[in-house]
Every structure is written in structure tokens, then in C-alpha cells.
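Listing of entry-v1.txt; format and content: compact mmCIF, N, CA and C atoms.
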# COMPACT_ATOMS: atom_id res chain seq x y z
N MET A 155 -61.57 137.70 170.14
CA MET A 155 -62.37 136.57 169.68
C MET A 155 -62.06 135.38 170.58
N SER A 156 -63.10 134.70 171.04
CA SER A 156 -62.91 133.54 171.91
C SER A 156 -62.32 132.38 171.13
N LYS A 157 -61.79 131.41 171.86
CA LYS A 157 -61.22 130.23 171.20
C LYS A 157 -62.29 129.43 170.46
N TYR A 158 -63.52 129.48 170.95
CA TYR A 158 -64.61 128.74 170.30
C TYR A 158 -65.01 129.41 168.98
N LEU A 159 -65.10 130.71 169.00
CA LEU A 159 -65.44 131.44 167.78
C LEU A 159 -64.30 131.35 166.78
N GLU A 160 -63.08 131.42 167.27
CA GLU A 160 -61.92 131.27 166.39
C GLU A 160 -61.94 129.90 165.72
N ARG A 161 -62.26 128.88 166.49
CA ARG A 161 -62.34 127.52 165.95
C ARG A 161 -63.47 127.42 164.91
N ALA A 162 -64.59 128.08 165.16
CA ALA A 162 -65.69 128.08 164.19
C ALA A 162 -65.23 128.69 162.86
N HIS A 163 -64.49 129.78 162.94
CA HIS A 163 -63.97 130.41 161.72
C HIS A 163 -63.03 129.45 160.97
N GLU A 164 -62.18 128.74 161.71
CA GLU A 164 -61.28 127.77 161.09
C GLU A 164 -62.07 126.68 160.37
N ILE A 165 -63.07 126.14 161.04
CA ILE A 165 -63.87 125.05 160.48
C ILE A 165 -64.61 125.51 159.23
N ARG A 166 -65.21 126.70 159.28
CA ARG A 166 -65.97 127.20 158.13
C ARG A 166 -65.08 127.53 156.94
N ALA A 167 -63.78 127.72 157.18
CA ALA A 167 -62.86 128.02 156.08
C ALA A 167 -62.40 126.76 155.35
N ILE A 168 -62.61 125.60 155.96
CA ILE A 168 -62.22 124.33 155.34
C ILE A 168 -63.23 124.00 154.24
N GLU A 169 -62.72 123.77 153.04
CA GLU A 169 -63.63 123.47 151.94
C GLU A 169 -63.85 121.97 151.76
N VAL A 170 -62.82 121.18 151.98
CA VAL A 170 -62.93 119.73 151.83
C VAL A 170 -62.32 119.08 153.06
N PRO A 171 -63.06 118.30 153.82
CA PRO A 171 -64.47 118.02 153.59
C PRO A 171 -65.34 119.18 154.04
N HIS A 172 -66.52 119.26 153.44
CA HIS A 172 -67.49 120.28 153.82
C HIS A 172 -67.99 119.98 155.23
N HIS A 173 -68.16 121.04 156.02
CA HIS A 173 -68.73 120.90 157.36
C HIS A 173 -70.09 121.60 157.36
N ASN A 174 -71.14 120.85 157.63
CA ASN A 174 -72.46 121.49 157.68
C ASN A 174 -72.55 122.35 158.94
N CYS A 175 -73.64 123.05 159.08
CA CYS A 175 -73.79 124.00 160.19
C CYS A 175 -73.81 123.31 161.55
N ALA A 176 -74.48 122.18 161.65
CA ALA A 176 -74.52 121.45 162.92
C ALA A 176 -73.12 120.97 163.29
N GLN A 177 -72.41 120.42 162.33
CA GLN A 177 -71.04 119.98 162.58
C GLN A 177 -70.15 121.15 163.00
N SER A 178 -70.30 122.27 162.32
CA SER A 178 -69.46 123.43 162.60
C SER A 178 -69.65 123.94 164.02
N VAL A 179 -70.89 123.98 164.49
CA VAL A 179 -71.14 124.44 165.86
C VAL A 179 -70.56 123.43 166.84
N LEU A 180 -70.92 122.15 166.70
CA LEU A 180 -70.45 121.13 167.62
C LEU A 180 -68.93 121.04 167.64
N MET A 181 -68.32 121.04 166.49
CA MET A 181 -66.86 120.90 166.40
C MET A 181 -66.12 122.10 166.99
N SER A 182 -66.78 123.21 167.11
CA SER A 182 -66.14 124.39 167.72
C SER A 182 -65.84 124.15 169.20
N PHE A 183 -66.49 123.18 169.80
CA PHE A 183 -66.35 122.93 171.24
C PHE A 183 -65.67 121.60 171.56
N THR A 184 -65.16 120.89 170.56
CA THR A 184 -64.65 119.54 170.81
C THR A 184 -63.50 119.52 171.82
N GLN A 185 -62.63 120.50 171.80
CA GLN A 185 -61.50 120.47 172.73
C GLN A 185 -61.98 120.50 174.18
N SER A 186 -62.97 121.30 174.48
CA SER A 186 -63.49 121.37 175.84
C SER A 186 -64.34 120.15 176.19
N LEU A 187 -64.91 119.52 175.18
CA LEU A 187 -65.72 118.33 175.40
C LEU A 187 -64.89 117.07 175.49
N LYS A 188 -63.65 117.18 175.09
CA LYS A 188 -62.73 116.04 175.09
C LYS A 188 -63.22 114.92 174.16
N ILE A 189 -63.80 115.33 173.04
CA ILE A 189 -64.10 114.38 171.97
C ILE A 189 -63.35 114.84 170.74
N ASP A 190 -63.07 113.92 169.86
CA ASP A 190 -62.29 114.29 168.68
C ASP A 190 -63.20 114.82 167.58
N ASP A 191 -62.61 115.56 166.67
CA ASP A 191 -63.36 116.17 165.58
C ASP A 191 -64.07 115.14 164.71
N GLU A 192 -63.41 114.01 164.47
CA GLU A 192 -64.02 112.98 163.62
C GLU A 192 -65.32 112.46 164.23
N THR A 193 -65.32 112.25 165.54
CA THR A 193 -66.54 111.78 166.22
C THR A 193 -67.63 112.83 166.13
N ALA A 194 -67.29 114.09 166.40
CA ALA A 194 -68.28 115.18 166.31
C ALA A 194 -68.80 115.30 164.89
N TYR A 195 -67.92 115.18 163.91
CA TYR A 195 -68.30 115.25 162.50
C TYR A 195 -69.35 114.18 162.18
N LYS A 196 -69.09 112.96 162.66
CA LYS A 196 -70.00 111.84 162.38
C LYS A 196 -71.32 111.99 163.11
N ILE A 197 -71.27 112.46 164.36
CA ILE A 197 -72.51 112.65 165.14
C ILE A 197 -73.47 113.60 164.43
N ALA A 198 -72.92 114.68 163.89
CA ALA A 198 -73.75 115.75 163.33
C ALA A 198 -73.93 115.68 161.81
N VAL A 199 -73.43 114.63 161.19
CA VAL A 199 -73.42 114.57 159.72
C VAL A 199 -74.81 114.66 159.10
N ALA A 200 -75.82 114.12 159.72
CA ALA A 200 -77.15 114.09 159.12
C ALA A 200 -78.01 115.31 159.47
N PHE A 201 -77.43 116.28 160.18
CA PHE A 201 -78.23 117.39 160.68
C PHE A 201 -78.02 118.70 159.95
N GLY A 202 -77.20 118.72 158.92
CA GLY A 202 -77.05 119.92 158.10
C GLY A 202 -78.21 120.03 157.13
N GLY A 203 -78.41 121.23 156.63
CA GLY A 203 -79.49 121.44 155.67
C GLY A 203 -80.86 121.16 156.25
N GLY A 204 -80.98 121.41 157.54
CA GLY A 204 -82.27 121.14 158.20
C GLY A 204 -82.58 119.67 158.19
N MET A 205 -81.64 118.87 158.72
CA MET A 205 -81.73 117.41 158.74
C MET A 205 -81.90 116.89 157.31
N LYS A 206 -81.19 117.54 156.40
CA LYS A 206 -81.18 117.19 154.98
C LYS A 206 -82.57 117.24 154.36
N SER A 207 -83.46 118.02 154.99
CA SER A 207 -84.82 118.13 154.45
C SER A 207 -85.40 119.53 154.61
N GLY A 208 -84.55 120.51 154.97
CA GLY A 208 -85.00 121.89 155.04
C GLY A 208 -85.71 122.28 156.32
N ILE A 209 -85.79 121.35 157.30
CA ILE A 209 -86.47 121.71 158.54
C ILE A 209 -85.48 122.35 159.51
N THR A 210 -85.57 122.15 160.78
CA THR A 210 -84.82 122.91 161.79
C THR A 210 -83.36 123.13 161.40
N CYS A 211 -82.97 124.41 161.40
CA CYS A 211 -81.62 124.84 161.03
C CYS A 211 -80.57 124.07 161.83
N GLY A 212 -79.53 123.65 161.13
CA GLY A 212 -78.45 122.89 161.75
C GLY A 212 -77.75 123.61 162.88
N VAL A 213 -77.71 124.95 162.86
CA VAL A 213 -77.03 125.64 163.96
C VAL A 213 -77.78 125.43 165.27
N ILE A 214 -79.10 125.37 165.19
CA ILE A 214 -79.90 125.12 166.40
C ILE A 214 -79.61 123.71 166.91
N VAL A 215 -79.64 122.75 166.01
CA VAL A 215 -79.40 121.36 166.38
C VAL A 215 -77.98 121.22 166.95
N GLY A 216 -77.00 121.80 166.27
CA GLY A 216 -75.62 121.73 166.75
C GLY A 216 -75.44 122.40 168.10
N GLY A 217 -76.13 123.51 168.30
CA GLY A 217 -76.08 124.20 169.58
C GLY A 217 -76.67 123.36 170.69
N LEU A 218 -77.80 122.73 170.41
CA LEU A 218 -78.44 121.89 171.43
C LEU A 218 -77.64 120.62 171.70
N MET A 219 -77.02 120.06 170.67
CA MET A 219 -76.13 118.90 170.87
C MET A 219 -74.99 119.29 171.81
N THR A 220 -74.40 120.43 171.53
CA THR A 220 -73.27 120.91 172.33
C THR A 220 -73.69 121.10 173.78
N LEU A 221 -74.80 121.79 173.99
CA LEU A 221 -75.28 122.00 175.36
C LEU A 221 -75.54 120.67 176.06
N GLY A 222 -76.14 119.74 175.36
CA GLY A 222 -76.40 118.43 175.95
C GLY A 222 -75.13 117.71 176.37
N LEU A 223 -74.09 117.81 175.56
CA LEU A 223 -72.83 117.17 175.91
C LEU A 223 -72.15 117.83 177.11
N PHE A 224 -72.52 119.06 177.39
CA PHE A 224 -72.04 119.76 178.58
C PHE A 224 -73.03 119.60 179.76
N ASP A 225 -73.98 118.70 179.63
CA ASP A 225 -75.00 118.44 180.66
C ASP A 225 -75.91 119.63 180.91
N VAL A 226 -76.18 120.39 179.88
CA VAL A 226 -77.18 121.47 179.96
C VAL A 226 -78.32 120.99 179.08
N ASP A 227 -79.30 120.35 179.70
CA ASP A 227 -80.34 119.71 178.90
C ASP A 227 -81.75 119.96 179.44
N ASP A 228 -81.92 121.05 180.17
CA ASP A 228 -83.24 121.34 180.72
C ASP A 228 -84.14 121.98 179.66
N MET A 229 -85.43 121.78 179.81
CA MET A 229 -86.42 122.27 178.86
C MET A 229 -86.37 123.79 178.72
N GLU A 230 -86.17 124.49 179.82
CA GLU A 230 -86.14 125.95 179.80
C GLU A 230 -85.02 126.47 178.89
N THR A 231 -83.84 125.89 179.00
CA THR A 231 -82.72 126.33 178.16
C THR A 231 -82.97 126.00 176.70
N THR A 232 -83.47 124.81 176.45
CA THR A 232 -83.77 124.42 175.07
C THR A 232 -84.76 125.39 174.44
N GLN A 233 -85.83 125.68 175.13
CA GLN A 233 -86.83 126.61 174.61
C GLN A 233 -86.27 128.02 174.43
N LYS A 234 -85.39 128.42 175.34
CA LYS A 234 -84.76 129.74 175.24
C LYS A 234 -83.89 129.83 173.99
N VAL A 235 -83.12 128.79 173.72
CA VAL A 235 -82.28 128.77 172.52
C VAL A 235 -83.15 128.93 171.28
N ILE A 236 -84.22 128.16 171.20
CA ILE A 236 -85.11 128.20 170.03
C ILE A 236 -85.83 129.54 169.93
N ASN A 237 -86.39 130.00 171.03
CA ASN A 237 -87.14 131.26 171.00
C ASN A 237 -86.26 132.47 170.73
N ASP A 238 -85.06 132.49 171.31
CA ASP A 238 -84.14 133.60 171.03
C ASP A 238 -83.71 133.60 169.57
N PHE A 239 -83.50 132.41 169.01
CA PHE A 239 -83.16 132.32 167.58
C PHE A 239 -84.30 132.87 166.74
N LYS A 240 -85.52 132.47 167.06
CA LYS A 240 -86.69 132.96 166.34
C LYS A 240 -86.77 134.49 166.39
N GLU A 241 -86.54 135.06 167.57
CA GLU A 241 -86.60 136.52 167.72
C GLU A 241 -85.59 137.22 166.84
N ARG A 242 -84.42 136.63 166.68
CA ARG A 242 -83.37 137.26 165.88
C ARG A 242 -83.56 137.03 164.38
N HIS A 243 -84.45 136.09 164.02
CA HIS A 243 -84.58 135.71 162.60
C HIS A 243 -86.03 135.66 162.13
N ASN A 244 -86.78 136.70 162.44
CA ASN A 244 -88.15 136.85 161.94
C ASN A 244 -89.02 135.62 162.16
N GLN A 245 -88.89 135.03 163.34
CA GLN A 245 -89.70 133.88 163.74
C GLN A 245 -89.43 132.61 162.93
N MET A 246 -88.31 132.58 162.23
CA MET A 246 -87.97 131.40 161.43
C MET A 246 -86.94 130.54 162.13
N ILE A 247 -87.10 129.22 162.03
CA ILE A 247 -86.08 128.29 162.50
C ILE A 247 -85.74 127.23 161.44
N ASP A 248 -86.54 127.14 160.40
CA ASP A 248 -86.31 126.14 159.37
C ASP A 248 -85.28 126.62 158.35
N CYS A 249 -84.36 125.72 158.02
CA CYS A 249 -83.29 126.02 157.08
C CYS A 249 -83.85 126.57 155.76
N LYS A 250 -84.84 125.91 155.21
CA LYS A 250 -85.37 126.34 153.90
C LYS A 250 -85.92 127.76 153.96
N ASP A 251 -86.58 128.12 155.06
CA ASP A 251 -87.13 129.47 155.19
C ASP A 251 -86.03 130.51 155.37
N LEU A 252 -85.04 130.18 156.18
CA LEU A 252 -83.91 131.10 156.41
C LEU A 252 -83.15 131.34 155.11
N LEU A 253 -82.91 130.27 154.35
CA LEU A 253 -82.19 130.41 153.08
C LEU A 253 -83.01 131.17 152.05
N LYS A 254 -84.30 130.92 152.01
CA LYS A 254 -85.18 131.61 151.07
C LYS A 254 -85.22 133.11 151.37
N ALA A 255 -85.34 133.46 152.65
CA ALA A 255 -85.36 134.88 153.03
C ALA A 255 -84.02 135.55 152.72
N ASN A 256 -82.94 134.84 152.95
CA ASN A 256 -81.61 135.37 152.64
C ASN A 256 -81.46 135.61 151.13
N ALA A 257 -81.88 134.65 150.34
CA ALA A 257 -81.78 134.79 148.88
C ALA A 257 -82.66 135.93 148.39
N ALA A 258 -83.85 136.07 148.95
CA ALA A 258 -84.76 137.16 148.55
C ALA A 258 -84.16 138.53 148.87
N ALA A 259 -83.32 138.57 149.91
CA ALA A 259 -82.66 139.82 150.28
C ALA A 259 -81.36 140.02 149.51
N GLY A 260 -81.05 139.10 148.59
CA GLY A 260 -79.86 139.24 147.77
C GLY A 260 -78.61 138.65 148.38
N GLY A 261 -78.76 137.89 149.46
CA GLY A 261 -77.61 137.30 150.13
C GLY A 261 -77.15 136.01 149.48
N GLN A 262 -75.90 135.68 149.76
CA GLN A 262 -75.34 134.42 149.29
C GLN A 262 -75.39 133.40 150.42
N LYS A 263 -75.48 132.13 150.05
CA LYS A 263 -75.69 131.07 151.03
C LYS A 263 -74.54 130.94 152.03
N LYS A 264 -73.30 130.79 151.57
CA LYS A 264 -72.20 130.52 152.50
C LYS A 264 -72.00 131.62 153.54
N PRO A 265 -71.93 132.89 153.15
CA PRO A 265 -71.78 133.92 154.19
C PRO A 265 -72.96 133.93 155.17
N HIS A 266 -74.14 133.66 154.68
CA HIS A 266 -75.33 133.61 155.54
C HIS A 266 -75.19 132.49 156.57
N CYS A 267 -74.86 131.30 156.09
CA CYS A 267 -74.72 130.15 157.00
C CYS A 267 -73.55 130.34 157.95
N ASP A 268 -72.45 130.88 157.44
CA ASP A 268 -71.30 131.17 158.32
C ASP A 268 -71.72 132.08 159.47
N ALA A 269 -72.46 133.12 159.16
CA ALA A 269 -72.90 134.08 160.18
C ALA A 269 -73.79 133.40 161.22
N LEU A 270 -74.65 132.49 160.78
CA LEU A 270 -75.51 131.77 161.72
C LEU A 270 -74.68 130.87 162.64
N VAL A 271 -73.66 130.23 162.07
CA VAL A 271 -72.77 129.38 162.88
C VAL A 271 -72.09 130.23 163.95
N TYR A 272 -71.52 131.36 163.54
CA TYR A 272 -70.79 132.21 164.49
C TYR A 272 -71.72 132.73 165.58
N GLU A 273 -72.92 133.10 165.18
CA GLU A 273 -73.92 133.58 166.14
C GLU A 273 -74.23 132.50 167.18
N MET A 274 -74.45 131.27 166.73
CA MET A 274 -74.81 130.20 167.66
C MET A 274 -73.63 129.81 168.55
N VAL A 275 -72.43 129.79 168.00
CA VAL A 275 -71.26 129.46 168.81
C VAL A 275 -71.13 130.48 169.95
N GLN A 276 -71.30 131.75 169.63
CA GLN A 276 -71.22 132.78 170.68
C GLN A 276 -72.34 132.61 171.70
N TYR A 277 -73.52 132.30 171.24
CA TYR A 277 -74.68 132.13 172.11
C TYR A 277 -74.48 130.95 173.06
N VAL A 278 -74.05 129.82 172.52
CA VAL A 278 -73.80 128.63 173.33
C VAL A 278 -72.69 128.91 174.34
N GLU A 279 -71.65 129.59 173.90
CA GLU A 279 -70.55 129.93 174.81
C GLU A 279 -71.06 130.77 175.98
N GLU A 280 -71.93 131.72 175.71
CA GLU A 280 -72.49 132.56 176.79
C GLU A 280 -73.26 131.70 177.79
N ILE A 281 -74.08 130.78 177.30
CA ILE A 281 -74.84 129.90 178.18
C ILE A 281 -73.91 129.05 179.02
N LEU A 282 -72.89 128.48 178.39
CA LEU A 282 -71.96 127.63 179.12
C LEU A 282 -71.19 128.41 180.18
N LYS A 283 -70.83 129.63 179.87
CA LYS A 283 -70.15 130.47 180.87
C LYS A 283 -71.08 130.78 182.03
N GLU A 284 -72.34 131.14 181.73
CA GLU A 284 -73.32 131.42 182.79
C GLU A 284 -73.51 130.22 183.71
N ARG A 285 -73.44 129.02 183.14
CA ARG A 285 -73.66 127.80 183.92
C ARG A 285 -72.38 127.28 184.57
N GLY A 286 -71.26 127.97 184.32
CA GLY A 286 -69.99 127.53 184.89
C GLY A 286 -69.44 126.25 184.28
N LYS A 287 -69.82 126.01 183.02
CA LYS A 287 -69.38 124.78 182.35
C LYS A 287 -68.06 124.97 181.61
N ILE A 288 -67.72 126.21 181.30
CA ILE A 288 -66.43 126.51 180.66
C ILE A 288 -65.83 127.72 181.35

Please go through the file and, once you have read it, give me the structure as C-alpha cells.
Amino acid sequence: MSKYLERAHEIRAIEVPHHNCAQSVLMSFTQSLKIDDETAYKIAVAFGGGMKSGITCGVIVGGLMTLGLFDVDDMETTQKVINDFKERHNQMIDCKDLLKANAAAGGQKKPHCDALVYEMVQYVEEILKERGKI
């Protein structure tokens, strides 16, 4: 397990304070970004739960925030992150739709969201390695 994925597991295990999905992804990379966890927590606070309104999943937002902080901000990469996520999740990117589909399949929210965080952390790590950023 990479240090980033290991860090994501640590963050998701913390119950208080709660870390939303965007925070969890971003905070998994803070050591390499040389920013502190508190700053990352505050940056991403409004982006959990689909920007607190059920729209774009926080893992996507957290992943894109992370890539941007590593100076990976081209349109092609952004679209690839979104399109690849859609392919893996029945064309869904909105938090409310992902949670609804998970519940309909009998899944529980926390394990579902944890899995999405871990998936995005691994995906972002792959992109960063390909670009020579980590």
C-alpha cells in the first residue's frame, strides 16, 4: 500500500472531526504538497456531500484540487479524471446519484464513500507518478 493510500485509510478512520470525501483525498497528499492538514481541511470543507448539495462527488473535487496543487491543471487531465470516474460508476458523478445507487444495492454509506476515496487517491497517485510529480 502506498503512503498516500495508507494516509487515506488513516484519515477515513478518524471519527471526530469528520473528514468529508474531498478533504480525505486532498489530505492524503499534504505531506508531499508541503501544506498542513488544517489548511487542507479548511480548503475542502465545503466540498463534501457534493458541495453540500448532492452535486459533483467530493472525491472528484478533492482529486482535482490535489492535481491543481501539483500543477497538473490541463483540460485533458481534468476531463480524463471525470470521464474515467463516470466509466467506473455507471456514468454518475453526482454524490446524490452515487449514494442512491449504493443504497438501492443494499450498501452502507461509509464503506461506499471510503471506497471512492481510496479509488481516487490511487488514481491521482498514478497521474502524479506519470507526470513525474511524485

The distance between atom N of A:Ala162 and atom CA of A:Ala258 is 27.7 Å

Of A:Ala194, A:Leu253, A:Lys206, A:Asn237, the one sitting nearest A:His266 when using only N, CA and C atoms is A:Leu253

key: Distance in Å - atom C of A:Leu282 versus atom N of A:Leu187   =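 Value for the atom C of A:Leu282-atom N of A:Leu187 distance: 12.0 Å.
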
task = Write down as an MDAnalysis selection string the residues belonging to stretch 163-216 of chain A that are assigned alpha helix (DSSP H) by DSSP computed on the backbone.
result = chainID A and resid 163:167 175:181 184:187 191:197 202:203 212:216

ask   = Using all atoms listed in the file, which residue out of A:Lys240, A:Ala255, A:Met246, A:Gly217 lies closest to A:Tyr277?
value =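 For A:Tyr277, the nearest of the given residues is A:Gly217.
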
Requested in this report: Kindly indicate which residue among A:Asp251, A:Glu279, A:Glu230, A:Asp225 lies nearest to A:Ser182, using only C-alpha atoms for the distances.
Outcome: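 Once distances to A:Ser182 are computed over only C-alpha atoms, the minimum belongs to A:Glu279.
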
If you take every atom of stretch 162-172 of chain A that the file lists and fit an axis-aligned box around them with 6 Å extra on each side, what centre and edge lengths come out in Å to one decimal, as JSON?
{"center_x": -64.6, "center_y": 124.2, "center_z": 158.5, "size_x": 18.7, "size_y": 24.4, "size_z": 25.4}

I'd like the neighbourhood of A:Ile247 as an mmCIF file with N, CA and C atoms, in the frame of the given file, where a residue qualifies if any of its atoms comes within 12 Å (using only C-alpha atoms), though same-chain residues fewer than 3 positions away should be ignored.
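Output file part_11.cif is given in full below:
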data_model
loop_
_atom_site.group_PDB
_atom_site.id
_atom_site.type_symbol
_atom_site.label_atom_id
_atom_site.label_comp_id
_atom_site.auth_asym_id
_atom_site.auth_seq_id
_atom_site.Cartn_x
_atom_site.Cartn_y
_atom_site.Cartn_z
ATOM 1 N N GLY A 203 -78.410 121.230 156.630
ATOM 2 C CA GLY A 203 -79.490 121.440 155.670
ATOM 3 C C GLY A 203 -80.860 121.160 156.250
ATOM 4 N N GLY A 204 -80.980 121.410 157.540
ATOM 5 C CA GLY A 204 -82.270 121.140 158.200
ATOM 6 C C GLY A 204 -82.580 119.670 158.190
ATOM 7 N N GLY A 208 -84.550 120.510 154.970
ATOM 8 C CA GLY A 208 -85.000 121.890 155.040
ATOM 9 C C GLY A 208 -85.710 122.280 156.320
ATOM 10 N N ILE A 209 -85.790 121.350 157.300
ATOM 11 C CA ILE A 209 -86.470 121.710 158.540
ATOM 12 C C ILE A 209 -85.480 122.350 159.510
ATOM 13 N N THR A 210 -85.570 122.150 160.780
ATOM 14 C CA THR A 210 -84.820 122.910 161.790
ATOM 15 C C THR A 210 -83.360 123.130 161.400
ATOM 16 N N CYS A 211 -82.970 124.410 161.400
ATOM 17 C CA CYS A 211 -81.620 124.840 161.030
ATOM 18 C C CYS A 211 -80.570 124.070 161.830
ATOM 19 N N GLY A 212 -79.530 123.650 161.130
ATOM 20 C CA GLY A 212 -78.450 122.890 161.750
ATOM 21 C C GLY A 212 -77.750 123.610 162.880
ATOM 22 N N VAL A 213 -77.710 124.950 162.860
ATOM 23 C CA VAL A 213 -77.030 125.640 163.960
ATOM 24 C C VAL A 213 -77.780 125.430 165.270
ATOM 25 N N ILE A 214 -79.100 125.370 165.190
ATOM 26 C CA ILE A 214 -79.900 125.120 166.400
ATOM 27 C C ILE A 214 -79.610 123.710 166.910
ATOM 28 N N VAL A 215 -79.640 122.750 166.010
ATOM 29 C CA VAL A 215 -79.400 121.360 166.380
ATOM 30 C C VAL A 215 -77.980 121.220 166.950
ATOM 31 N N VAL A 235 -83.120 128.790 173.720
ATOM 32 C CA VAL A 235 -82.280 128.770 172.520
ATOM 33 C C VAL A 235 -83.150 128.930 171.280
ATOM 34 N N ILE A 236 -84.220 128.160 171.200
ATOM 35 C CA ILE A 236 -85.110 128.200 170.030
ATOM 36 C C ILE A 236 -85.830 129.540 169.930
ATOM 37 N N ASN A 237 -86.390 130.000 171.030
ATOM 38 C CA ASN A 237 -87.140 131.260 171.000
ATOM 39 C C ASN A 237 -86.260 132.470 170.730
ATOM 40 N N ASP A 238 -85.060 132.490 171.310
ATOM 41 C CA ASP A 238 -84.140 133.600 171.030
ATOM 42 C C ASP A 238 -83.710 133.600 169.570
ATOM 43 N N PHE A 239 -83.500 132.410 169.010
ATOM 44 C CA PHE A 239 -83.160 132.320 167.580
ATOM 45 C C PHE A 239 -84.300 132.870 166.740
ATOM 46 N N LYS A 240 -85.520 132.470 167.060
ATOM 47 C CA LYS A 240 -86.690 132.960 166.340
ATOM 48 C C LYS A 240 -86.770 134.490 166.390
ATOM 49 N N GLU A 241 -86.540 135.060 167.570
ATOM 50 C CA GLU A 241 -86.600 136.520 167.720
ATOM 51 C C GLU A 241 -85.590 137.220 166.840
ATOM 52 N N ARG A 242 -84.420 136.630 166.680
ATOM 53 C CA ARG A 242 -83.370 137.260 165.880
ATOM 54 C C ARG A 242 -83.560 137.030 164.380
ATOM 55 N N HIS A 243 -84.450 136.090 164.020
ATOM 56 C CA HIS A 243 -84.580 135.710 162.600
ATOM 57 C C HIS A 243 -86.030 135.660 162.130
ATOM 58 N N ASN A 244 -86.780 136.700 162.440
ATOM 59 C CA ASN A 244 -88.150 136.850 161.940
ATOM 60 C C ASN A 244 -89.020 135.620 162.160
ATOM 61 N N LYS A 250 -84.840 125.910 155.210
ATOM 62 C CA LYS A 250 -85.370 126.340 153.900
ATOM 63 C C LYS A 250 -85.920 127.760 153.960
ATOM 64 N N ASP A 251 -86.580 128.120 155.060
ATOM 65 C CA ASP A 251 -87.130 129.470 155.190
ATOM 66 C C ASP A 251 -86.030 130.510 155.370
ATOM 67 N N LEU A 252 -85.040 130.180 156.180
ATOM 68 C CA LEU A 252 -83.910 131.100 156.410
ATOM 69 C C LEU A 252 -83.150 131.340 155.110
ATOM 70 N N LEU A 253 -82.910 130.270 154.350
ATOM 71 C CA LEU A 253 -82.190 130.410 153.080
ATOM 72 C C LEU A 253 -83.010 131.170 152.050
ATOM 73 N N LYS A 254 -84.300 130.920 152.010
ATOM 74 C CA LYS A 254 -85.180 131.610 151.070
ATOM 75 C C LYS A 254 -85.220 133.110 151.370
ATOM 76 N N ALA A 255 -85.340 133.460 152.650
ATOM 77 C CA ALA A 255 -85.360 134.880 153.030
ATOM 78 C C ALA A 255 -84.020 135.550 152.720
ATOM 79 N N LEU A 270 -74.650 132.490 160.780
ATOM 80 C CA LEU A 270 -75.510 131.770 161.720
ATOM 81 C C LEU A 270 -74.680 130.870 162.640
#

From (-70.5, 130.0, 163.3), in the file's coordinates, out to 8 Å: which residues are reached, counting only N, CA and C atoms? Answer as a JSON list (two decimals) with N, CA and C atoms, keeping the file's coordinate frame.
[["chain", "number", "residue", "atom", "x", "y", "z"],
["A", 158, "TYR", "N", -63.52, 129.48, 170.95],
["A", 158, "TYR", "CA", -64.61, 128.74, 170.30],
["A", 158, "TYR", "C", -65.01, 129.41, 168.98],
["A", 159, "LEU", "N", -65.10, 130.71, 169.00],
["A", 159, "LEU", "CA", -65.44, 131.44, 167.78],
["A", 159, "LEU", "C", -64.30, 131.35, 166.78],
["A", 161, "ARG", "N", -62.26, 128.88, 166.49],
["A", 161, "ARG", "CA", -62.34, 127.52, 165.95],
["A", 161, "ARG", "C", -63.47, 127.42, 164.91],
["A", 162, "ALA", "N", -64.59, 128.08, 165.16],
["A", 162, "ALA", "CA", -65.69, 128.08, 164.19],
["A", 162, "ALA", "C", -65.23, 128.69, 162.86],
["A", 163, "HIS", "N", -64.49, 129.78, 162.94],
["A", 163, "HIS", "CA", -63.97, 130.41, 161.72],
["A", 163, "HIS", "C", -63.03, 129.45, 160.97],
["A", 166, "ARG", "N", -65.21, 126.70, 159.28],
["A", 166, "ARG", "CA", -65.97, 127.20, 158.13],
["A", 166, "ARG", "C", -65.08, 127.53, 156.94],
["A", 175, "CYS", "N", -73.64, 123.05, 159.08],
["A", 175, "CYS", "CA", -73.79, 124.00, 160.19],
["A", 175, "CYS", "C", -73.81, 123.31, 161.55],
["A", 178, "SER", "N", -70.30, 122.27, 162.32],
["A", 178, "SER", "CA", -69.46, 123.43, 162.60],
["A", 178, "SER", "C", -69.65, 123.94, 164.02],
["A", 179, "VAL", "N", -70.89, 123.98, 164.49],
["A", 179, "VAL", "CA", -71.14, 124.44, 165.86],
["A", 179, "VAL", "C", -70.56, 123.43, 166.84],
["A", 213, "VAL", "N", -77.71, 124.95, 162.86],
["A", 213, "VAL", "CA", -77.03, 125.64, 163.96],
["A", 213, "VAL", "C", -77.78, 125.43, 165.27],
["A", 267, "CYS", "N", -74.86, 131.30, 156.09],
["A", 267, "CYS", "CA", -74.72, 130.15, 157.00],
["A", 267, "CYS", "C", -73.55, 130.34, 157.95],
["A", 268, "ASP", "N", -72.45, 130.88, 157.44],
["A", 268, "ASP", "CA", -71.30, 131.17, 158.32],
["A", 268, "ASP", "C", -71.72, 132.08, 159.47],
["A", 269, "ALA", "N", -72.46, 133.12, 159.16],
["A", 269, "ALA", "CA", -72.90, 134.08, 160.18],
["A", 269, "ALA", "C", -73.79, 133.40, 161.22],
["A", 270, "LEU", "N", -74.65, 132.49, 160.78],
["A", 270, "LEU", "CA", -75.51, 131.77, 161.72],
["A", 270, "LEU", "C", -74.68, 130.87, 162.64],
["A", 271, "VAL", "N", -73.66, 130.23, 162.07],
["A", 271, "VAL", "CA", -72.77, 129.38, 162.88],
["A", 271, "VAL", "C", -72.09, 130.23, 163.95],
["A", 272, "TYR", "N", -71.52, 131.36, 163.54],
["A", 272, "TYR", "CA", -70.79, 132.21, 164.49],
["A", 272, "TYR", "C", -71.72, 132.73, 165.58],
["A", 273, "GLU", "N", -72.92, 133.10, 165.18],
["A", 273, "GLU", "CA", -73.92, 133.58, 166.14],
["A", 273, "GLU", "C", -74.23, 132.50, 167.18],
["A", 274, "MET", "N", -74.45, 131.27, 166.73],
["A", 274, "MET", "CA", -74.81, 130.20, 167.66],
["A", 274, "MET", "C", -73.63, 129.81, 168.55],
["A", 275, "VAL", "N", -72.43, 129.79, 168.00],
["A", 275, "VAL", "CA", -71.26, 129.46, 168.81],
["A", 275, "VAL", "C", -71.13, 130.48, 169.95],
["A", 276, "GLN", "N", -71.30, 131.75, 169.63],
["A", 276, "GLN", "CA", -71.22, 132.78, 170.68],
["A", 276, "GLN", "C", -72.34, 132.61, 171.70]]

Shortest contact to A:Arg285, candidates A:Met181, A:Ile189, A:Val226, A:Ala200, atoms counted only C-alpha atoms, goes to A:Val226

message: Please compute the atom CA of A:Ala198-atom N of A:Lys287 distance, one decimal, in Å.
response: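 These atoms are spaced 22.5 Å apart.
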
Neighbours of point (-64.3, 119.4, 162.7) within 8 Å, using all atoms listed in the file, written as number ranges by chain: A: 164-165, 173, 177-178, 180-182, 190-195

Across A:Asn256, A:Phe183, A:Gln262, A:Thr231, the smallest distance to A:Lys157, with only N, CA and C atoms counted, is shown by A:Phe183
